[in-house]
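Peer 1: Before I ask anything, let me first share the structure, which is written out below as structure tokens.
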Amino acid sequence: MKISIGLFLSFFVFCLFAQDIVINEVLYDPESTDSGYEWIELYNYSDISVDLASWKIEKAGSEFETVLTFDQFGNNIIYPNSFFLIGEEFVLNVDLTANLAFQNGGSETDGIRLVSPDTLYTDTVLYDSPNSNNLPDDLFNPGVYFAPDVSSGNTLARITDGEDSNNCEVDFFECNQPTPGETNFYPIDLAICNLETYENQGNYWLQMEIENLSVENVDNSAASLEVYINNQLTNTYQLPAIPAETTIEFTCQIAELTGIYNQIEVELIYFNDNELDNNVAHCSFLNGDSPFVINEIMFKPLTTNQEWVEIFNRTDCAYNVDNLRITDASGGTIDFSGSFPAEEYIIVCQDSILFMQTYPACIPENVILASGWTSLNNTDETLCLKDEFATQFDSTSYNGNSCPSDFSIERIDPFDDENISWDVCFDSLGTPTYANSVLPLQYDLSLMYLDMEISENNIEHSIIINNEGLDNISEVTVNSTLICNGEYPGENIFTDDLSFEDSLVYSFNSPVPQNGYYSFLYEISSENDLNSENNSAFSFYNNSAFPFVINEIMYDPEGDEPEWIEIINNFIIPNAAEIVIVVDDDTLQLPYCPEQYYLITGSESDMVALKHKYNIEHVTVLTGLQSLSNNGENMIVSDLFDNYIEEFFYCPEWNDNLDGVSIERVNSQIAPDSRNWGPSTSGCTPGRANSIFVEVLPNTMKLKVSPNPFSPYREERTVFSFSLPEILSTVTLRIFDLKGRMVRRLVDQVLQASEGNIIWDGRNDDGTKLPVGIYIILMQATARDSEKVYSKKITTVIGK
């Protein structure tokens, strides 16, 4: 039989390219319970068109049977690299409509087969198992590889259009996004996880994991990453190959940063990824100090107010931040989002309408309504400010015990992250949306005394100079002035000009001054300093002086009356702070009182009793004195700078063991030995000059009378003034007429101080006015300590 060459070539081409026609996708179990929705898609992955005339589609349950034979005269051309869709009556956009009624699987293997007209080529799809009916595939009889049995509405689809390994198990997958007449969509799923940032040698890096959650490999450079910083695309990276069901680590350097707070978004781009929810990851980090700090807190409002927190953006950059959170010590949270303008104060509250009613002067745009709130503690609390990625902006603690109700507490310096401190707002209700009332000045120097080291001839002074303001002052002048015994003006002893940065410990020397109590005034000055109130400090040095001393001691009062001691200031010392009194082992630290006399007693009730008994409401009485011994106590007086003033042991013999009689100091500017103390001749003299006070003892006894003459008939009096060369003496004063008869014993064996006055009314011992004439006055004194006897005689005249 003769066969034409043209016919032979046509048959050869048909046999060659028929093998490139495959079943590509099939819907054999549609969701609709009605018929008419099944379809099958063929794919021609050759480069020529193929006429499907006389081709068959078969289905199999127990065995294969014909479902469809393509008409020889129909338009059944399947074009190169194209799809041919056969569907039932309700399937759209088909190339051919036909009844299909494929097997739905469910208990054993079913099949669909495409058969060429000469039956030499078949493409068989077996799905479900077991293959109880021994259905054949394209290589084996019975078949041994099976595609999955899909759920209703899903299709059985070829993983890659047209690619056929004759192994249904690896060629097909269950597709939940059918694509009739279009490219199959195989569910590759890539995911980003564990996105982090880290710093290395001044550069910031992103580190993450990329997971391939599917069973197919992803080729090199098939997927990419896009990195956004603060919503700006900064880098795109091609990813390496990602094998199926594996995880790779990927690290990349972050582009140059322009902001402090940086929000990172990384997006994974892969065309065939059908699960996009896990293709984006976020994180954030701070490039430097935090832009946001907790700046003011209202945690103890009245019922007409509410709790609120103020956040300060201390940078010159504005931020829009979602999902910020303030967490307290118990784990409670305040959640909010909003805009943070540069260098502005933002309020977070529970009720923005009520807030503006309470604070009508506030900036409305700077008030944010929180989406969640936790009550703030009125005592100890710790608050932490973070974003949704756990980047921490601020953490602070406060103690609210000393804060009054409806007052806020304010951060003293919102730019200091090392020494965070709080103070109660100067203004009731606080300063929301405005700068804090306790905010430091822009320029503010402070000076603090540190130490004084004394050698034989020199004193080394040490002071601390600090920049307390928001900006530093670098040039300062230091001065020191010496004040002796509190007397101004003092003498300038030192001046120097300095340059420094933030703080400085500065030392200088001066000569040791001679006898006296000295104040050293240290001062700093700068033309930029806005606050001069903290520019000075004092230290003190004593060289054998008695600036303040114990002047009187009531250690054995009558009955239940309180014990007390009296302090006398021999001169007033401006800027003195405290004095220290040690009675045996008890130390009493007391404020310095700039008064000549003040008392120290045991308690508040003792103070009230003393003021009432001695009528000394004008005298300051301090408390804290421990019980004094009737057998004597050692006493030490010093100042707060450990300058020794005096030390002595008082003895009960100093007041002759008399109950209710104080011991008094004769002269407060003389050392406190036994010769400078004695019993009060007035019982006691709290808050006034001592009864035995004398400035200088005379060398001899003196006695004067004035007026002289005087007249008792005109109700006149005369005064005998005396001075004795002893601190205390027993005095007798008698009056005689010219015949030597004693007419009046005016004083009889009375203890007197070295100086005193005795008044006479011109009467005798019976109270009768004496007649006009001349009278002899005789005063005799026996010294208490030396027992030396002194005597003096004068005359006086009684007139009409």
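How things are named: the first chain in the structure tokens is A, the next is B, and so on; residues count from 1 in each chain; ligands count from 1 in the order shown.
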DSSP says strand (DSSP E or B) for which residues of segment 18-104 of chain A? Put them as a VMD selection string?
Peer 2: chain A and resid 21 to 27 39 to 44 50 to 51 56 to 60 64 to 69 77 to 78 82 to 87 96 to 97
Peer 1: Residues as selected, N, CA and C atoms, written as a CSV table (one decimal), in the first residue's frame, can you do that?
Peer 2:
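Resulting contents of part21.csv:
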```csv
chain,number,residue,atom,x,y,z
A,21,ILE,N,-0.6,16.8,25.4
A,21,ILE,CA,-1.9,17.1,25.9
A,21,ILE,C,-2.2,16.3,27.2
A,22,VAL,N,-2.5,17.1,28.2
A,22,VAL,CA,-2.7,16.4,29.5
A,22,VAL,C,-4.0,16.9,30.2
A,23,ILE,N,-4.5,16.1,31.1
A,23,ILE,CA,-5.5,16.6,32.0
A,23,ILE,C,-4.8,17.5,33.0
A,24,ASN,N,-5.3,18.7,33.1
A,24,ASN,CA,-4.6,19.8,33.9
A,24,ASN,C,-5.3,20.1,35.2
A,25,GLU,N,-6.6,20.0,35.2
A,25,GLU,CA,-7.4,20.3,36.4
A,25,GLU,C,-8.8,19.8,36.2
A,26,VAL,N,-9.4,19.2,37.3
A,26,VAL,CA,-10.7,18.7,37.2
A,26,VAL,C,-11.6,18.9,38.4
A,27,LEU,N,-12.8,19.3,38.2
A,27,LEU,CA,-13.7,19.5,39.3
A,27,LEU,C,-14.8,18.3,39.2
A,39,TRP,N,-16.5,20.1,35.7
A,39,TRP,CA,-15.7,20.5,34.5
A,39,TRP,C,-14.3,19.8,34.5
A,40,ILE,N,-13.7,19.8,33.4
A,40,ILE,CA,-12.3,19.3,33.2
A,40,ILE,C,-11.5,20.2,32.3
A,41,GLU,N,-10.3,20.4,32.7
A,41,GLU,CA,-9.4,21.3,31.9
A,41,GLU,C,-8.3,20.5,31.3
A,42,LEU,N,-8.1,20.7,30.0
A,42,LEU,CA,-6.9,20.1,29.3
A,42,LEU,C,-5.9,21.2,29.0
A,43,TYR,N,-4.6,20.8,28.9
A,43,TYR,CA,-3.6,21.8,28.6
A,43,TYR,C,-2.6,21.2,27.6
A,44,ASN,N,-2.3,22.1,26.6
A,44,ASN,CA,-1.4,21.8,25.5
A,44,ASN,C,-0.1,22.5,25.8
A,50,VAL,N,-3.3,21.3,18.3
A,50,VAL,CA,-3.7,19.9,18.2
A,50,VAL,C,-5.3,19.9,18.1
A,51,ASP,N,-5.7,19.1,17.1
A,51,ASP,CA,-7.2,18.9,16.9
A,51,ASP,C,-7.6,17.7,17.7
A,56,LYS,N,-11.0,10.9,23.3
A,56,LYS,CA,-12.0,10.5,24.3
A,56,LYS,C,-11.6,10.9,25.7
A,57,ILE,N,-12.6,11.1,26.5
A,57,ILE,CA,-12.4,11.3,28.0
A,57,ILE,C,-13.2,10.2,28.6
A,58,GLU,N,-12.5,9.4,29.5
A,58,GLU,CA,-13.1,8.3,30.1
A,58,GLU,C,-13.1,8.5,31.7
A,59,LYS,N,-14.0,7.8,32.3
A,59,LYS,CA,-14.0,7.9,33.8
A,59,LYS,C,-14.0,6.4,34.3
A,60,ALA,N,-13.7,6.2,35.5
A,60,ALA,CA,-13.6,4.9,36.0
A,60,ALA,C,-14.1,4.9,37.5
A,64,PHE,N,-12.8,1.7,33.5
A,64,PHE,CA,-12.9,2.9,32.6
A,64,PHE,C,-14.1,2.7,31.6
A,65,GLU,N,-14.8,3.8,31.4
A,65,GLU,CA,-15.8,3.9,30.4
A,65,GLU,C,-15.8,5.3,29.8
A,66,THR,N,-16.3,5.4,28.6
A,66,THR,CA,-16.2,6.6,27.8
A,66,THR,C,-17.3,7.6,28.4
A,67,VAL,N,-16.8,8.8,28.6
A,67,VAL,CA,-17.7,9.9,29.0
A,67,VAL,C,-18.0,10.9,27.8
A,68,LEU,N,-16.9,11.1,27.0
A,68,LEU,CA,-17.0,12.0,25.9
A,68,LEU,C,-16.1,11.6,24.8
A,69,THR,N,-16.6,11.7,23.6
A,69,THR,CA,-15.8,11.6,22.4
A,69,THR,C,-15.9,12.9,21.6
A,77,ILE,N,-10.0,22.5,18.5
A,77,ILE,CA,-8.6,22.8,18.4
A,77,ILE,C,-8.1,23.3,19.8
A,78,ILE,N,-7.0,22.7,20.3
A,78,ILE,CA,-6.4,23.2,21.5
A,78,ILE,C,-5.0,23.8,21.1
A,82,SER,N,-1.9,26.4,25.7
A,82,SER,CA,-3.2,26.9,26.1
A,82,SER,C,-4.1,25.8,26.7
A,83,PHE,N,-5.2,26.3,27.2
A,83,PHE,CA,-6.1,25.4,28.0
A,83,PHE,C,-7.4,25.2,27.1
A,84,PHE,N,-8.0,24.0,27.3
A,84,PHE,CA,-9.3,23.7,26.7
A,84,PHE,C,-10.2,23.2,27.8
A,85,LEU,N,-11.3,23.9,28.0
A,85,LEU,CA,-12.2,23.7,29.1
A,85,LEU,C,-13.5,23.0,28.6
A,86,ILE,N,-13.7,21.8,29.2
A,86,ILE,CA,-15.0,21.1,29.0
A,86,ILE,C,-15.8,21.2,30.3
A,87,GLY,N,-17.0,21.7,30.2
A,87,GLY,CA,-17.8,21.7,31.4
A,87,GLY,C,-19.3,21.4,31.1
A,96,LEU,N,-16.2,23.7,25.4
A,96,LEU,CA,-17.1,22.6,25.0
A,96,LEU,C,-18.0,22.2,26.2
A,97,THR,N,-19.3,22.1,25.9
A,97,THR,CA,-20.2,21.7,26.9
A,97,THR,C,-20.6,20.3,26.7
```
Peer 1: Please identify all polymer residues within 12 Å of segment 782-794 of chain A, counting only C-alpha atoms, omitting same-chain residues fewer than 5 positions from it, and present them as a PyMOL selection string.
Peer 2: chain A and resi 653-656+674-679+699-706+708+720-736+748-754+774-777
Peer 1: Residues at most 9 Å from segment 580-586 of chain A, counting only C-alpha atoms, excluding those fewer than 2 positions away in the same chain, as a PyMOL selection string?
Peer 2: chain A and resi 578+588-591+625-626+628+633-640+642
Peer 1: Taking only segment 324-367 of chain A into account, list the residues labelled helix (DSSP H, G or I) by DSSP (computed from the backbone), as a ChimeraX atom specification.
Peer 2: /A:352-358,364-366
Peer 1: How many Å separate atom CA of Asp413 of chain A from atom CA of Gly288 of chain A?
Peer 2: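 Separating atom CA of Asp413 of chain A from atom CA of Gly288 of chain A is a distance of 18.0 Å.
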